[in-house]
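The structure appears below as structure tokens.
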Amino acid sequence: MSFTLSVKNWLRLAESNESLMLKYGQTGESKYLSILVTRLADDLFHYMVSQSDHDMAKDICQISWEKVIQNRRSYSDSGSFKSWLFKIARFSLIDELRRRQRWQMVELAEQADQAPNLADALHQSHVTINFDAALLRLPLLQREAFILQQEGFRLREISIITDSEMETVKSRLRYAKQNLKSLLKIELEGGEHE
């Protein structure tokens, strides 16, 4: 019983990401930033790697955290810190893609058509491979909205991160789900005939 009480007390003491960022913005103490990085770095990397390649995802994550540091005083508690961070990362990715002149849908489609290598296939189940391949075949904006929803963002937050209207986000999500179902059905039917 005392263990349960101590866990409940610990959970009450855990500060929100927003509170930590406000404290970091006011004081500049790295301990607050360190907690935020520990909590959100994996989520941010997962989002970035789903939108780019591994190396670029690492670079964009680093750039994003640097921008958090540079703009720490400009953060306001008007929304979730995670949404603010992901929006910074998204714009950093767009800037980098434009800088590299890779913001063309044709090149992104070519990347999506690349099949996973054999080593990856050995480590993942057949279903996961099919899903990942189908996800990569989605148009960039549909894939982005779907992944953000899977990260736990609500429609309003996705709308803010992507700088899109909520109805547009709803449409992208609907089309992403329809396309995934269709692509997965094709993958499964293709596998049965082989």
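Order determines the names: the first chain of the structure tokens is A, the second B, and so forth; residues in each chain are numbered 1 upward, and ligands are numbered 1 upward as they are shown.
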As a PyMOL selection string, please: all residues of stretch 32-86 of chain A that backbone DSSP puts in helix (DSSP H, G or I). chain A and resi 32-51+54-70+72-74+81-86
Using only C-alpha atoms, determine which residues lie at most 12 Å from A:Gln178, disregarding the query and same-chain residues fewer than 3 positions distant; provide the list as a compact mmCIF listing (two decimals) with all heavy atoms, in the first residue's frame.
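So selection22.txt came out as:
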# COMPACT_ATOMS: atom_id res chain seq x y z
N ALA A 134 3.83 0.47 -47.26
CA ALA A 134 2.60 1.19 -47.62
C ALA A 134 2.65 2.62 -47.08
O ALA A 134 2.26 3.57 -47.76
CB ALA A 134 1.38 0.45 -47.08
N LEU A 135 3.13 2.79 -45.86
CA LEU A 135 3.23 4.12 -45.26
C LEU A 135 4.15 5.02 -46.08
O LEU A 135 3.85 6.19 -46.32
CB LEU A 135 3.73 4.00 -43.82
CG LEU A 135 3.74 5.27 -42.99
CD1 LEU A 135 2.33 5.83 -42.83
CD2 LEU A 135 4.35 5.00 -41.62
N LEU A 138 2.56 6.63 -49.20
CA LEU A 138 1.58 7.71 -49.05
C LEU A 138 2.21 9.02 -49.49
O LEU A 138 3.40 9.25 -49.29
CB LEU A 138 1.14 7.84 -47.59
CG LEU A 138 0.27 6.76 -47.00
CD1 LEU A 138 -0.02 7.07 -45.53
CD2 LEU A 138 -1.02 6.61 -47.78
N GLN A 142 -0.10 13.44 -46.44
CA GLN A 142 -0.94 12.42 -45.81
C GLN A 142 -0.14 11.63 -44.78
O GLN A 142 -0.59 11.38 -43.67
CB GLN A 142 -1.53 11.47 -46.85
CG GLN A 142 -2.57 12.08 -47.74
CD GLN A 142 -3.06 11.10 -48.80
OE1 GLN A 142 -2.92 9.89 -48.67
NE2 GLN A 142 -3.63 11.64 -49.87
N ARG A 143 1.07 11.24 -45.16
CA ARG A 143 1.93 10.48 -44.26
C ARG A 143 2.24 11.29 -43.01
O ARG A 143 2.18 10.79 -41.89
CB ARG A 143 3.22 10.09 -44.99
CG ARG A 143 4.16 9.23 -44.14
CD ARG A 143 5.35 8.73 -44.92
NE ARG A 143 6.21 9.81 -45.30
CZ ARG A 143 6.69 10.01 -46.52
NH1 ARG A 143 6.38 9.19 -47.50
NH2 ARG A 143 7.49 11.02 -46.78
N PHE A 146 -0.84 11.45 -40.70
CA PHE A 146 -1.07 10.14 -40.09
C PHE A 146 -0.06 9.88 -38.98
O PHE A 146 -0.42 9.45 -37.88
CB PHE A 146 -0.98 9.04 -41.17
CG PHE A 146 -1.23 7.67 -40.63
CD1 PHE A 146 -2.53 7.21 -40.41
CD2 PHE A 146 -0.18 6.81 -40.34
CE1 PHE A 146 -2.77 5.95 -39.92
CE2 PHE A 146 -0.41 5.54 -39.85
CZ PHE A 146 -1.70 5.11 -39.63
N SER A 171 -9.14 15.69 -43.91
CA SER A 171 -9.13 15.08 -45.24
C SER A 171 -7.85 14.27 -45.46
O SER A 171 -7.90 13.15 -45.98
CB SER A 171 -9.23 16.16 -46.33
OG SER A 171 -10.47 16.79 -46.27
N ARG A 172 -6.72 14.85 -45.06
CA ARG A 172 -5.45 14.13 -45.23
C ARG A 172 -5.46 12.82 -44.44
O ARG A 172 -4.99 11.79 -44.93
CB ARG A 172 -4.28 15.00 -44.77
CG ARG A 172 -3.98 16.14 -45.71
CD ARG A 172 -2.89 17.03 -45.17
NE ARG A 172 -2.68 18.18 -46.05
CZ ARG A 172 -2.06 19.27 -45.70
NH1 ARG A 172 -1.54 19.39 -44.48
NH2 ARG A 172 -1.92 20.28 -46.55
N LEU A 173 -6.00 12.86 -43.23
CA LEU A 173 -6.07 11.64 -42.42
C LEU A 173 -7.01 10.61 -43.05
O LEU A 173 -6.69 9.42 -43.09
CB LEU A 173 -6.52 11.98 -40.99
CG LEU A 173 -5.49 12.69 -40.13
CD1 LEU A 173 -6.13 13.20 -38.85
CD2 LEU A 173 -4.33 11.75 -39.81
N ARG A 174 -8.15 11.08 -43.52
CA ARG A 174 -9.11 10.16 -44.15
C ARG A 174 -8.48 9.50 -45.37
O ARG A 174 -8.51 8.28 -45.54
CB ARG A 174 -10.40 10.91 -44.52
CG ARG A 174 -11.48 10.00 -45.08
CD ARG A 174 -12.78 10.72 -45.38
NE ARG A 174 -12.61 11.68 -46.48
CZ ARG A 174 -12.61 13.00 -46.34
NH1 ARG A 174 -12.78 13.56 -45.18
NH2 ARG A 174 -12.44 13.78 -47.40
N TYR A 175 -7.85 10.32 -46.24
CA TYR A 175 -7.22 9.77 -47.44
C TYR A 175 -6.03 8.86 -47.08
O TYR A 175 -5.81 7.83 -47.73
CB TYR A 175 -6.77 10.88 -48.39
CG TYR A 175 -7.91 11.55 -49.10
CD1 TYR A 175 -8.05 12.93 -49.06
CD2 TYR A 175 -8.85 10.82 -49.81
CE1 TYR A 175 -9.11 13.56 -49.71
CE2 TYR A 175 -9.90 11.44 -50.46
CZ TYR A 175 -10.03 12.81 -50.41
OH TYR A 175 -11.06 13.42 -51.05
N LYS A 181 -5.23 1.28 -46.38
CA LYS A 181 -6.06 0.07 -46.52
C LYS A 181 -5.91 -0.51 -47.92
O LYS A 181 -5.73 -1.71 -48.10
CB LYS A 181 -7.53 0.39 -46.24
CG LYS A 181 -7.85 0.57 -44.79
CD LYS A 181 -9.32 0.90 -44.60
CE LYS A 181 -9.63 1.23 -43.16
NZ LYS A 181 -11.03 1.63 -42.97
N SER A 182 -5.99 0.37 -48.90
CA SER A 182 -5.88 -0.08 -50.29
C SER A 182 -4.50 -0.67 -50.57
O SER A 182 -4.39 -1.74 -51.17
CB SER A 182 -6.14 1.11 -51.21
OG SER A 182 -5.95 0.75 -52.55
N LEU A 183 -3.45 0.02 -50.14
CA LEU A 183 -2.09 -0.47 -50.38
C LEU A 183 -1.83 -1.79 -49.66
O LEU A 183 -1.20 -2.70 -50.21
CB LEU A 183 -1.07 0.58 -49.94
CG LEU A 183 -0.98 1.83 -50.81
CD1 LEU A 183 -0.16 2.91 -50.12
CD2 LEU A 183 -0.37 1.49 -52.17
N LEU A 184 -2.32 -1.90 -48.44
CA LEU A 184 -2.12 -3.15 -47.69
C LEU A 184 -2.90 -4.29 -48.32
O LEU A 184 -2.44 -5.43 -48.33
CB LEU A 184 -2.49 -2.95 -46.23
CG LEU A 184 -1.52 -2.08 -45.44
CD1 LEU A 184 -2.07 -1.77 -44.06
CD2 LEU A 184 -0.15 -2.73 -45.35
N LYS A 185 -4.08 -4.01 -48.83
CA LYS A 185 -4.87 -5.04 -49.51
C LYS A 185 -4.14 -5.53 -50.74
O LYS A 185 -4.05 -6.72 -50.99
CB LYS A 185 -6.25 -4.48 -49.88
CG LYS A 185 -7.15 -5.49 -50.52
CD LYS A 185 -8.52 -4.90 -50.83
CE LYS A 185 -9.38 -5.95 -51.50
NZ LYS A 185 -10.68 -5.42 -51.88
Could you make a table, as a Markdown table, of the residues of stretch 124-176 of chain A that have an atom within 9 Å of an atom of stretch 77-94 of chain A, each with its nearest atom pair and distance in Å to one decimal, counting only C-alpha atoms, in chain and number order?
| residue | atom | partner | partner_atom | distance |
| --- | --- | --- | --- | --- |
| A:Phe153 | CA | A:Ser83 | CA | 7.8 |
| A:Glu157 | CA | A:Ser83 | CA | 6.3 |
| A:Ile158 | CA | A:Ser83 | CA | 7.9 |
| A:Ile160 | CA | A:Lys87 | CA | 7.6 |
| A:Ile161 | CA | A:Lys87 | CA | 4.5 |
| A:Thr162 | CA | A:Lys87 | CA | 7.0 |
| A:Asp163 | CA | A:Lys87 | CA | 8.5 |
Could you turn the residues from that selection into a file that holds all heavy atoms, as an mmCIF file, in the first residue's frame?
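This went into part_7.cif:
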data_model
loop_
_atom_site.group_PDB
_atom_site.id
_atom_site.type_symbol
_atom_site.label_atom_id
_atom_site.label_comp_id
_atom_site.auth_asym_id
_atom_site.auth_seq_id
_atom_site.Cartn_x
_atom_site.Cartn_y
_atom_site.Cartn_z
ATOM 1 N N PHE A 153 -0.985 13.393 -31.254
ATOM 2 C CA PHE A 153 -1.470 14.759 -31.419
ATOM 3 C C PHE A 153 -2.936 14.751 -31.829
ATOM 4 O O PHE A 153 -3.377 13.896 -32.597
ATOM 5 C CB PHE A 153 -0.656 15.512 -32.473
ATOM 6 C CG PHE A 153 0.731 15.840 -32.033
ATOM 7 C CD1 PHE A 153 1.814 15.162 -32.554
ATOM 8 C CD2 PHE A 153 0.950 16.830 -31.091
ATOM 9 C CE1 PHE A 153 3.106 15.464 -32.154
ATOM 10 C CE2 PHE A 153 2.233 17.145 -30.683
ATOM 11 C CZ PHE A 153 3.310 16.457 -31.205
ATOM 12 N N GLU A 157 -3.874 20.218 -32.835
ATOM 13 C CA GLU A 157 -2.418 20.297 -32.733
ATOM 14 C C GLU A 157 -1.755 19.997 -34.077
ATOM 15 O O GLU A 157 -0.781 20.658 -34.453
ATOM 16 C CB GLU A 157 -1.913 19.335 -31.661
ATOM 17 C CG GLU A 157 -2.356 19.723 -30.267
ATOM 18 C CD GLU A 157 -2.047 18.654 -29.230
ATOM 19 O OE1 GLU A 157 -2.217 17.445 -29.529
ATOM 20 O OE2 GLU A 157 -1.648 19.034 -28.127
ATOM 21 N N ILE A 158 -2.281 19.013 -34.800
ATOM 22 C CA ILE A 158 -1.736 18.698 -36.129
ATOM 23 C C ILE A 158 -1.926 19.896 -37.046
ATOM 24 O O ILE A 158 -1.035 20.252 -37.822
ATOM 25 C CB ILE A 158 -2.397 17.432 -36.717
ATOM 26 C CG1 ILE A 158 -2.081 16.212 -35.843
ATOM 27 C CG2 ILE A 158 -1.929 17.194 -38.148
ATOM 28 C CD1 ILE A 158 -2.863 14.975 -36.204
ATOM 29 N N ILE A 160 -1.976 23.002 -36.186
ATOM 30 C CA ILE A 160 -0.990 24.014 -35.809
ATOM 31 C C ILE A 160 0.401 23.635 -36.312
ATOM 32 O O ILE A 160 1.109 24.454 -36.892
ATOM 33 C CB ILE A 160 -0.979 24.210 -34.271
ATOM 34 C CG1 ILE A 160 -2.289 24.863 -33.820
ATOM 35 C CG2 ILE A 160 0.218 25.052 -33.834
ATOM 36 C CD1 ILE A 160 -2.511 24.840 -32.317
ATOM 37 N N ILE A 161 0.787 22.383 -36.104
ATOM 38 C CA ILE A 161 2.124 21.928 -36.510
ATOM 39 C C ILE A 161 2.318 22.060 -38.017
ATOM 40 O O ILE A 161 3.361 22.510 -38.486
ATOM 41 C CB ILE A 161 2.368 20.475 -36.057
ATOM 42 C CG1 ILE A 161 2.455 20.402 -34.531
ATOM 43 C CG2 ILE A 161 3.627 19.904 -36.702
ATOM 44 C CD1 ILE A 161 2.427 18.988 -33.986
ATOM 45 N N THR A 162 1.299 21.656 -38.786
ATOM 46 C CA THR A 162 1.431 21.656 -40.247
ATOM 47 C C THR A 162 0.993 22.966 -40.886
ATOM 48 O O THR A 162 1.072 23.114 -42.099
ATOM 49 C CB THR A 162 0.611 20.510 -40.863
ATOM 50 O OG1 THR A 162 -0.773 20.690 -40.546
ATOM 51 C CG2 THR A 162 1.104 19.163 -40.376
ATOM 52 N N ASP A 163 0.513 23.897 -40.060
ATOM 53 C CA ASP A 163 0.046 25.188 -40.549
ATOM 54 C C ASP A 163 -1.038 24.998 -41.611
ATOM 55 O O ASP A 163 -1.002 25.593 -42.685
ATOM 56 C CB ASP A 163 1.222 26.004 -41.107
ATOM 57 C CG ASP A 163 0.910 27.491 -41.148
ATOM 58 O OD1 ASP A 163 0.051 27.952 -40.374
ATOM 59 O OD2 ASP A 163 1.531 28.186 -41.985
#
Applying 12 Å and only C-alpha atoms, which residues near A:Val68 remain after dropping the ones on its own chain fewer than 2 positions away? List them as a VMD selection string. chain A and resid 21 to 22 24 to 25 28 30 33 to 34 36 to 37 61 to 66 70 to 75 81 to 82 84 to 89 92
Could you save those same residues with C-alpha atoms as a tab-separated table (two decimals), in the first residue's frame?
chain	number	residue	atom	x	y	z
A	21	MET	CA	10.01	24.85	-20.73
A	22	LEU	CA	8.74	27.97	-19.01
A	24	TYR	CA	14.01	26.83	-18.76
A	25	GLY	CA	13.00	29.99	-20.63
A	28	GLY	CA	18.28	29.04	-18.69
A	30	SER	CA	20.06	23.11	-18.45
A	33	LEU	CA	16.08	21.23	-20.94
A	34	SER	CA	17.69	17.90	-20.11
A	36	LEU	CA	12.57	17.74	-21.91
A	37	VAL	CA	15.16	16.13	-24.18
A	61	CYS	CA	16.54	16.96	-34.41
A	62	GLN	CA	19.77	18.65	-33.39
A	63	ILE	CA	18.83	21.83	-35.25
A	64	SER	CA	15.40	21.78	-33.58
A	65	TRP	CA	16.83	21.50	-30.08
A	66	GLU	CA	19.28	24.30	-30.90
A	70	GLN	CA	17.96	30.00	-28.97
A	71	ASN	CA	14.26	30.83	-28.65
A	72	ARG	CA	13.70	29.70	-25.07
A	73	ARG	CA	12.41	33.09	-23.99
A	74	SER	CA	9.86	33.27	-26.79
A	75	TYR	CA	7.97	30.14	-25.70
A	81	PHE	CA	5.44	22.21	-25.77
A	82	LYS	CA	5.54	19.04	-27.86
A	84	TRP	CA	5.78	23.75	-30.50
A	85	LEU	CA	8.84	21.50	-30.77
A	86	PHE	CA	7.39	19.46	-33.64
A	87	LYS	CA	6.44	22.64	-35.50
A	88	ILE	CA	10.01	23.91	-35.15
A	89	ALA	CA	11.27	20.56	-36.45
A	92	SER	CA	13.55	23.10	-40.04
Compare A:Arg98, A:Tyr47, A:Ala145, A:Asp59 by their minimum atom-to-atom distance to A:Glu167, counting only C-alpha atoms, and give me the closest one.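 Ranking A:Arg98, A:Tyr47, A:Ala145, A:Asp59 by distance to A:Glu167, first place goes to A:Ala145.
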Work out how far apart atom CA of A:Arg39 and atom CA of A:Ile69 are and give it in Å to one decimal.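 Atom CA of A:Ile69 lies at a distance of 16.0 Å from atom CA of A:Arg39.
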Length of the atom CA of A:Lys67 to atom CA of A:Asp42 vector [Å]: 17.4 Å
Would you mind listing what lies within 9 Å of A:Ala57 as a ChimeraX atom specification, with only C-alpha atoms counted and same-chain residues fewer than 3 positions away left out? /A:44-54,60-62,93
